[in-house]
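Visitor: Take a look at upload_3.cif, mmCIF, C-alpha atoms:
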data_protein
loop_
_atom_site.label_atom_id
_atom_site.label_comp_id
_atom_site.auth_asym_id
_atom_site.auth_seq_id
_atom_site.Cartn_x
_atom_site.Cartn_y
_atom_site.Cartn_z
CA MET A 1 246.01 -101.34 33.45
CA PRO A 2 243.90 -101.78 30.28
CA ASN A 3 240.93 -99.47 29.90
CA SER A 4 237.39 -100.40 29.00
CA ILE A 5 236.15 -97.92 26.40
CA PRO A 6 232.96 -97.41 24.37
CA VAL A 7 233.14 -98.37 20.70
CA ALA A 8 231.63 -96.59 17.71
CA LEU A 9 231.53 -97.78 14.10
CA THR A 10 231.60 -95.70 10.92
CA VAL A 11 230.42 -97.19 7.63
CA ALA A 12 231.64 -94.71 5.06
CA GLY A 13 234.10 -93.88 2.30
CA SER A 14 237.76 -92.94 2.51
CA ASP A 15 238.76 -89.32 1.81
CA SER A 16 242.38 -89.22 0.67
CA GLY A 17 242.52 -85.54 1.62
CA GLY A 18 241.67 -86.45 5.22
CA GLY A 19 238.86 -83.93 5.65
CA ALA A 20 235.72 -86.05 5.53
CA GLY A 21 234.63 -89.68 5.45
CA ILE A 22 236.18 -92.25 7.74
CA GLN A 23 239.21 -90.04 8.39
CA ALA A 24 237.00 -87.31 9.87
CA ASP A 25 234.87 -89.86 11.70
CA LEU A 26 237.78 -91.61 13.39
CA ARG A 27 239.29 -88.31 14.53
CA THR A 28 235.93 -87.27 15.91
CA PHE A 29 235.53 -90.56 17.78
CA ALA A 30 239.03 -90.16 19.25
CA PHE A 31 238.30 -86.60 20.38
CA HIS A 32 235.32 -87.95 22.35
CA CYS A 33 237.45 -90.74 23.92
CA VAL A 34 235.54 -93.41 22.01
CA HIS A 35 237.33 -96.24 20.21
CA GLY A 36 236.66 -95.89 16.49
CA THR A 37 236.12 -98.83 14.16
CA SER A 38 235.32 -98.68 10.46
CA ALA A 39 233.81 -100.43 7.48
CA LEU A 40 235.06 -98.92 4.25
CA THR A 41 232.54 -98.59 1.40
CA CYS A 42 234.66 -96.88 -1.22
CA VAL A 43 238.02 -95.28 -1.86
CA THR A 44 238.06 -91.75 -3.22
CA ALA A 45 240.87 -89.72 -4.73
CA GLN A 46 240.16 -86.21 -3.51
CA ASN A 47 241.67 -83.09 -2.04
CA THR A 48 240.42 -79.65 -1.01
CA LEU A 49 239.47 -78.90 -4.62
CA GLY A 50 237.24 -81.91 -5.25
CA VAL A 51 236.94 -85.60 -6.07
CA THR A 52 238.75 -87.06 -9.08
CA ARG A 53 238.00 -90.78 -8.70
CA VAL A 54 235.74 -93.11 -6.72
CA ASP A 55 236.16 -96.90 -6.47
CA ALA A 56 233.47 -98.91 -4.69
CA LEU A 57 234.14 -101.98 -2.57
CA PRO A 58 231.92 -105.03 -3.08
CA ALA A 59 228.91 -105.05 -0.77
CA ALA A 60 230.08 -108.38 0.66
CA ALA A 61 233.38 -106.78 1.67
CA VAL A 62 231.56 -103.97 3.48
CA ILE A 63 229.43 -106.45 5.42
CA ALA A 64 232.45 -108.61 6.27
CA GLN A 65 234.09 -105.58 7.91
CA ILE A 66 230.98 -104.82 9.97
CA GLU A 67 230.57 -108.44 11.04
CA ALA A 68 234.23 -108.70 12.05
CA VAL A 69 233.95 -105.66 14.31
CA VAL A 70 230.61 -106.60 15.88
CA ALA A 71 231.54 -110.25 16.48
CA ASP A 72 234.72 -109.53 18.41
CA ILE A 73 234.77 -105.96 19.66
CA GLY A 74 231.12 -104.97 19.86
CA VAL A 75 229.56 -101.65 18.88
CA GLN A 76 227.68 -99.25 21.15
CA ALA A 77 226.71 -96.87 18.32
CA ALA A 78 227.25 -96.53 14.58
CA LYS A 79 226.93 -94.00 11.80
CA THR A 80 226.69 -94.31 8.05
CA GLY A 81 228.14 -91.87 5.57
CA MET A 82 228.79 -92.36 1.86
CA LEU A 83 227.29 -95.74 0.95
CA LEU A 84 227.62 -95.02 -2.78
CA ASN A 85 225.24 -97.48 -4.44
CA ARG A 86 222.07 -99.52 -4.05
CA GLU A 87 223.86 -102.81 -3.39
CA ILE A 88 225.87 -101.48 -0.45
CA ILE A 89 222.90 -99.62 1.01
CA ALA A 90 220.66 -102.69 0.82
CA ALA A 91 223.32 -104.93 2.36
CA VAL A 92 223.95 -102.54 5.26
CA ALA A 93 220.22 -102.14 5.88
CA ASN A 94 219.76 -105.92 5.95
CA HIS A 95 222.53 -106.44 8.51
CA VAL A 96 222.09 -103.50 10.90
CA GLU A 97 219.15 -105.04 12.72
CA ALA A 98 220.43 -108.61 12.53
CA LEU A 99 223.71 -107.57 14.16
CA GLY A 100 221.95 -105.70 16.96
CA ILE A 101 223.12 -102.19 16.06
CA GLU A 102 220.35 -100.13 17.66
CA LYS A 103 221.96 -96.69 17.97
CA LEU A 104 222.37 -95.84 14.29
CA VAL A 105 222.90 -92.34 12.90
CA VAL A 106 222.27 -92.13 9.15
CA ASP A 107 223.94 -89.22 7.36
CA PRO A 108 222.26 -89.62 3.94
CA VAL A 109 225.23 -88.26 1.89
CA MET A 110 223.16 -88.14 -1.28
CA VAL A 111 223.57 -84.46 -2.18
CA SER A 112 226.50 -82.16 -1.42
CA ARG A 113 225.97 -78.88 0.39
CA THR A 114 226.28 -77.15 -2.99
CA GLY A 115 223.39 -79.20 -4.41
CA ALA A 116 225.28 -81.78 -6.51
CA GLN A 117 223.55 -85.20 -6.37
CA LEU A 118 225.94 -87.96 -5.29
CA LEU A 119 223.64 -91.02 -5.45
CA ASP A 120 221.50 -92.19 -8.35
CA ASN A 121 217.74 -92.34 -7.93
CA GLU A 122 217.70 -96.11 -7.33
CA ALA A 123 220.20 -95.79 -4.50
CA VAL A 124 218.26 -92.88 -2.99
CA ALA A 125 215.08 -94.98 -2.99
CA THR A 126 216.87 -97.87 -1.27
CA LEU A 127 218.33 -95.59 1.38
CA ARG A 128 214.91 -94.04 2.00
CA ASP A 129 212.92 -97.27 2.10
CA ALA A 130 215.38 -99.81 3.54
CA LEU A 131 217.96 -98.04 5.71
CA MET A 132 216.26 -94.96 7.15
CA PRO A 133 213.56 -96.93 9.00
CA LYS A 134 216.40 -98.60 10.96
CA ALA A 135 217.86 -95.26 12.06
CA MET A 136 217.67 -93.68 15.49
CA LEU A 137 218.46 -90.37 13.76
CA VAL A 138 218.70 -89.13 10.16
CA THR A 139 220.72 -85.95 9.46
CA PRO A 140 219.91 -84.62 5.97
CA ASN A 141 221.19 -81.30 4.70
CA ARG A 142 218.87 -78.89 2.93
CA TYR A 143 219.08 -80.55 -0.48
CA GLU A 144 218.83 -84.08 0.89
CA ALA A 145 215.79 -83.04 2.90
CA GLN A 146 214.21 -81.68 -0.27
CA ILE A 147 214.64 -85.02 -2.04
CA LEU A 148 213.46 -87.08 0.92
CA SER A 149 210.41 -84.90 1.62
CA GLY A 150 209.52 -83.82 -1.90
CA LEU A 151 209.33 -80.21 -0.69
CA GLU A 152 211.20 -77.07 -1.66
CA ILE A 153 213.03 -75.66 1.37
CA HIS A 154 213.63 -71.92 1.72
CA THR A 155 212.50 -71.07 5.26
CA LEU A 156 212.47 -72.53 8.77
CA ASP A 157 208.83 -73.46 8.29
CA ASP A 158 209.85 -75.37 5.15
CA MET A 159 212.51 -77.19 7.19
CA ARG A 160 209.91 -78.14 9.79
CA ALA A 161 207.51 -79.43 7.15
CA ALA A 162 210.31 -81.47 5.57
CA ALA A 163 211.36 -82.88 8.96
CA GLN A 164 207.81 -84.04 9.62
CA ARG A 165 207.59 -85.81 6.27
CA ILE A 166 210.99 -87.45 6.71
CA TYR A 167 210.04 -88.64 10.18
CA GLN A 168 207.05 -90.37 8.65
CA LEU A 169 209.45 -92.52 6.61
CA GLY A 170 210.14 -94.52 9.76
CA CYS A 171 213.20 -93.15 11.57
CA LYS A 172 212.99 -92.28 15.27
CA ALA A 173 214.13 -88.67 14.85
CA VAL A 174 215.23 -86.18 12.19
CA LEU A 175 217.74 -83.34 12.20
CA VAL A 176 217.38 -81.14 9.12
CA LYS A 177 220.65 -79.23 8.86
CA GLY A 178 220.67 -75.60 7.83
CA GLY A 179 224.25 -75.19 6.63
CA GLY A 180 222.99 -74.68 3.07
CA MET A 181 220.23 -72.24 4.03
CA PRO A 182 220.36 -68.56 3.03
CA GLY A 183 220.92 -65.46 5.12
CA GLN A 184 220.29 -65.38 8.84
CA ILE A 185 219.02 -68.96 9.05
CA ARG A 186 222.22 -70.41 7.67
CA GLY A 187 223.46 -72.96 10.20
CA VAL A 188 220.12 -73.23 12.01
CA ASP A 189 219.02 -76.87 12.39
CA ILE A 190 215.54 -78.27 12.98
CA TRP A 191 214.96 -81.32 15.22
CA PHE A 192 211.81 -83.45 15.30
CA ASP A 193 211.22 -86.78 17.06
CA GLY A 194 207.50 -87.19 16.41
CA LYS A 195 206.52 -85.27 19.53
CA HIS A 196 208.97 -82.48 20.15
CA TRP A 197 210.37 -79.70 17.98
CA GLN A 198 213.69 -78.01 18.67
CA THR A 199 215.53 -75.25 16.84
CA LEU A 200 219.29 -75.45 17.24
CA THR A 201 221.32 -72.33 16.61
CA ALA A 202 225.03 -71.61 16.72
CA SER A 203 227.29 -68.64 16.21
CA ALA A 204 228.06 -68.06 12.54
CA VAL A 205 231.67 -68.91 11.65
CA ALA A 206 233.24 -67.02 8.76
CA THR A 207 235.45 -69.61 7.07
CA LYS A 208 235.69 -71.30 3.69
CA ASN A 209 237.18 -74.37 5.38
CA THR A 210 234.02 -76.37 6.03
CA HIS A 211 234.91 -79.70 4.43
CA GLY A 212 233.62 -82.65 6.44
CA THR A 213 231.12 -80.81 8.66
CA GLY A 214 228.28 -83.25 7.94
CA CYS A 215 230.44 -86.32 8.54
CA THR A 216 231.83 -84.78 11.70
CA LEU A 217 228.42 -83.90 13.12
CA ALA A 218 227.03 -87.40 12.58
CA ALA A 219 230.17 -88.98 14.01
CA ALA A 220 230.05 -86.75 17.08
CA ILE A 221 226.41 -87.70 17.67
CA ALA A 222 227.30 -91.39 17.36
CA ALA A 223 230.23 -90.93 19.75
CA ASN A 224 227.98 -89.29 22.33
CA LEU A 225 225.45 -92.10 21.95
CA ALA A 226 228.22 -94.65 22.47
CA LEU A 227 229.08 -92.81 25.68
CA GLY A 228 225.52 -93.44 26.87
CA LYS A 229 224.05 -89.99 26.37
CA ASP A 230 220.41 -89.49 25.40
CA LEU A 231 219.75 -88.61 21.77
CA PHE A 232 218.87 -84.91 21.89
CA PRO A 233 221.69 -83.98 24.32
CA ALA A 234 224.02 -85.99 22.06
CA VAL A 235 222.91 -83.82 19.13
CA GLN A 236 223.32 -80.57 21.09
CA GLN A 237 226.84 -81.46 22.22
CA ALA A 238 227.79 -82.61 18.73
CA LYS A 239 226.65 -79.31 17.24
CA ASP A 240 228.75 -77.43 19.80
CA TYR A 241 231.75 -79.57 18.88
CA VAL A 242 231.35 -78.89 15.16
CA THR A 243 230.96 -75.15 15.77
CA THR A 244 234.20 -75.06 17.75
CA ALA A 245 235.96 -77.19 15.14
CA LEU A 246 234.83 -74.70 12.47
CA GLN A 247 236.28 -71.86 14.55
CA HIS A 248 239.61 -73.71 14.37
CA SER A 249 239.31 -74.92 10.78
CA LEU A 250 242.46 -75.78 8.87
CA SER A 251 243.73 -73.63 6.03
CA ILE A 252 245.35 -76.36 3.93
CA GLY A 253 245.30 -76.85 0.19
CA SER A 254 243.92 -74.42 -2.38
CA GLY A 255 240.21 -75.11 -1.85
CA SER A 256 237.93 -75.82 1.09
CA GLY A 257 239.97 -77.17 3.98
CA PRO A 258 238.62 -79.33 6.81
CA VAL A 259 237.36 -78.41 10.24
CA GLY A 260 239.82 -78.68 13.13
CA HIS A 261 238.78 -81.96 14.71
CA PHE A 262 241.69 -81.85 17.15
CA PHE A 263 241.51 -78.15 18.05
CA PRO A 264 242.76 -78.53 21.66
CA LEU A 265 246.08 -79.73 20.22
CA LEU A 266 246.51 -76.69 17.97
CA GLY A 267 247.68 -74.40 20.78
CA ASN A 268 244.75 -72.01 20.43
CA GLY A 269 241.90 -74.37 21.42
#
Represent the structure of the file as structure tokens.

Guide:
Amino acid sequence: MPNSIPVALTVAGSDSGGGAGIQADLRTFAFHCVHGTSALTCVTAQNTLGVTRVDALPAAAVIAQIEAVVADIGVQAAKTGMLLNREIIAAVANHVEALGIEKLVVDPVMVSRTGAQLLDNEAVATLRDALMPKAMLVTPNRYEAQILSGLEIHTLDDMRAAAQRIYQLGCKAVLVKGGGMPGQIRGVDIWFDGKHWQTLTASAVATKNTHGTGCTLAAAIAANLALGKDLFPAVQQAKDYVTTALQHSLSIGSGSGPVGHFFPLLGNG
């Protein structure tokens, strides 16, 4: 008998190395028993050592993919990842509300965990002003939170101050991720929804293979939302999933390998 199954959508770029982007998102959706759909924004040539080429799709092509999925299959939750430029960001922002996508997780993907800026200032402004107010949750890393809040972030109190400022930009909740933080607060995340503060901690995982953690976290949150879970429990369970996937990360290539999205299948999950 055919099964009815929740559907999640990822709007993101392709990672030829399979560690991040739509490849990571679709594996994460599958792990959570959610049907994954996708709208590709760009094609990257990359591996565990880095990115060597990026080719953007036209904004109209991105929207056509989203419309095709929503019109026929329907979407219970969605996440955005690498949107690459102002045109794509503006187009996605204009269509999210019109297409009735209410459960939207925005992973800003504007600065890498190492601090390298991935979007130009015009694109950052469009993401901040046009897309983030449509989001149920925004998940910036340390450096993205610094840009969005205008604050330097070195401590948990700095993360809280940044979360409060980002919340004021119009999203329903903020999760400032601490993967790029120093010392004992590395990996500690701060949650704020306008009323409640939460500090999320996890066991430190000693691995260089962390590629795709941000994509995976946002995708796991979206998957949990598609399953009908409330937002904060969806975040908690997603963080647990990422932590376990890090514990089973994959040592492939010569650089930073990906997390183990499918760890139960590895024989040691």

Visitor: How close does each residue of stretch 26-125 of chain A get to stretch 10-21 of chain A, giving the shortest atom pair and distance in Å to one decimal for every residue with an atom at most 6 Å away, counting only C-alpha atoms, sorted by chain and residue number, as JSON lines?

Guide:
{"residue": "A:Ser38", "atom": "CA", "partner": "A:Thr10", "partner_atom": "CA", "distance": 4.8}
{"residue": "A:Ala39", "atom": "CA", "partner": "A:Val11", "partner_atom": "CA", "distance": 4.7}
{"residue": "A:Leu40", "atom": "CA", "partner": "A:Ala12", "partner_atom": "CA", "distance": 5.5}
{"residue": "A:Thr41", "atom": "CA", "partner": "A:Gly13", "partner_atom": "CA", "distance": 5.0}
{"residue": "A:Cys42", "atom": "CA", "partner": "A:Gly13", "partner_atom": "CA", "distance": 4.7}
{"residue": "A:Val43", "atom": "CA", "partner": "A:Ser14", "partner_atom": "CA", "distance": 5.0}
{"residue": "A:Thr44", "atom": "CA", "partner": "A:Asp15", "partner_atom": "CA", "distance": 5.6}
{"residue": "A:Ala45", "atom": "CA", "partner": "A:Ser16", "partner_atom": "CA", "distance": 5.6}
{"residue": "A:Gln46", "atom": "CA", "partner": "A:Ser16", "partner_atom": "CA", "distance": 5.6}
{"residue": "A:Asn47", "atom": "CA", "partner": "A:Gly17", "partner_atom": "CA", "distance": 4.5}
{"residue": "A:Ala78", "atom": "CA", "partner": "A:Thr10", "partner_atom": "CA", "distance": 5.7}
{"residue": "A:Lys79", "atom": "CA", "partner": "A:Thr10", "partner_atom": "CA", "distance": 5.0}
{"residue": "A:Thr80", "atom": "CA", "partner": "A:Val11", "partner_atom": "CA", "distance": 4.7}
{"residue": "A:Gly81", "atom": "CA", "partner": "A:Ala12", "partner_atom": "CA", "distance": 4.5}
{"residue": "A:Met82", "atom": "CA", "partner": "A:Ala12", "partner_atom": "CA", "distance": 4.9}

Visitor: Report as a list in words the residues that result from applying the PyMOL selection byres ((chain A and resi 182-198) around 9) to the structure here.

Guide: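 So the PyMOL selection byres ((chain A and resi 182-198) around 9) ends up selecting Leu137, His154, Thr155, Leu156, Met159, Arg160, Ala163, Gln164, Tyr167, Gln168, Cys171, Lys172, Ala173, Val174, Leu175, Val176, Lys177, Gly178, Gly179, Gly180, Met181, Thr199, Leu200, Thr201, Ala202, Ser203, Ala204 and Phe232 of chain A.
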
Visitor: Report as a ChimeraX atom specification all protein, DNA and RNA residues lying within 12 Å of A:Glu152, evaluated on only C-alpha atoms, omitting residues in the same chain fewer than 4 positions from it.

Guide: /A:142-148,156-162,181

Visitor: Neighbouring residues of A:Leu250 were defined as those with any atom within 12 Å, considering all atoms listed in the file; residues of the same chain fewer than 4 positions away were excluded. Please report them as a PyMOL selection string.

Guide: chain A and resi 18-19+48+207-212+245-246+254-263+266

Visitor: The PyMOL selection byres ((chain A and resi 77) around 8) on the file shown: which residues, as a list in words?

Guide: Val7, Ala8, Leu9, Val75, Gln76, Ala78, Lys79, Ile101, Glu102, Lys103, Leu104, Ala222, Ala223, Leu225 and Ala226 of chain A

Visitor: Select, from A:Asn141, A:Thr52, A:Gln23, A:Thr126, the residue with the minimum atom-to-atom distance to A:Ala93, counting all atoms listed in the file.

Guide: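 Using all atoms listed in the file, the shortest distance to A:Ala93 belongs to A:Thr126.
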
Visitor: Around the point (220.2, -106.6, 6.7) (coordinates from the file), which residues reach within 12 Å if we count only C-alpha atoms? Answer as a PyMOL selection string.

Guide: chain A and resi 59-60+63+66-67+87-101+130-131+133-134

Visitor: Have a look at atom CA of A:Ser149 and atom CA of A:Val105 and let me know their distance in Å, one decimal.

Guide: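 That distance, rounded to one decimal, is 18.4 Å.
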
Visitor: Kindly indicate which residue among A:Gly253, A:Pro6, A:Gly36, A:Pro108 lies nearest to A:Met132, using only C-alpha atoms for the distances.

Guide: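 When distances to A:Met132 are compared using only C-alpha atoms, the smallest one comes from A:Pro108.
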
Visitor: Edge lengths and centre, in Å to one decimal, as AutoDock Vina command-line options: that's what I need for the box along x, y and z that holds all listed atoms of stretch 208-223 of chain A plus 5 Å on each side.

Guide:
--center_x 231.8 --center_y -81.3 --center_z 11.7 --size_x 20.8 --size_y 30.1 --size_z 26.1

Visitor: Taking all atoms listed in the file into account, which of A:Asp107, A:Leu49, A:Gln247, A:Val70 comes nearest A:Ile221?

Guide: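 Closest to A:Ile221, using all atoms listed in the file: A:Asp107.
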
Visitor: What does the distance from atom CA of A:Gly170 to atom CA of A:Ala135 come to in Å, to one decimal?

Guide: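 It comes out at 8.1 Å.
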
Visitor: Between atom CA of A:Val62 and atom CA of A:Met110, what is the distance in Å, rounded to a tenth?

Guide: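 So the answer is 18.5 Å.
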
Visitor: I need the residue nearest A:Ile166 from this list: A:Thr37, A:Asn3, A:Thr139, A:Gln236. Use only C-alpha atoms for the distance.

Guide: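 Going through A:Thr37, A:Asn3, A:Thr139, A:Gln236 one by one, the smallest distance to A:Ile166 is for A:Thr139.
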
Visitor: How would you write as a ChimeraX atom specification the residues that get within 9 Å of (237.5, -85.1, 19.4) in the file's frame, counting only C-alpha atoms?

Guide: /A:26-34,220,241,261-264

Visitor: For A:Gly214, which residue out of A:Ser4, A:Ser251, A:Asn85, A:Ser112 is the nearest one, using only C-alpha atoms?

Guide: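 Smallest separation from A:Gly214 among the options: A:Ser112.
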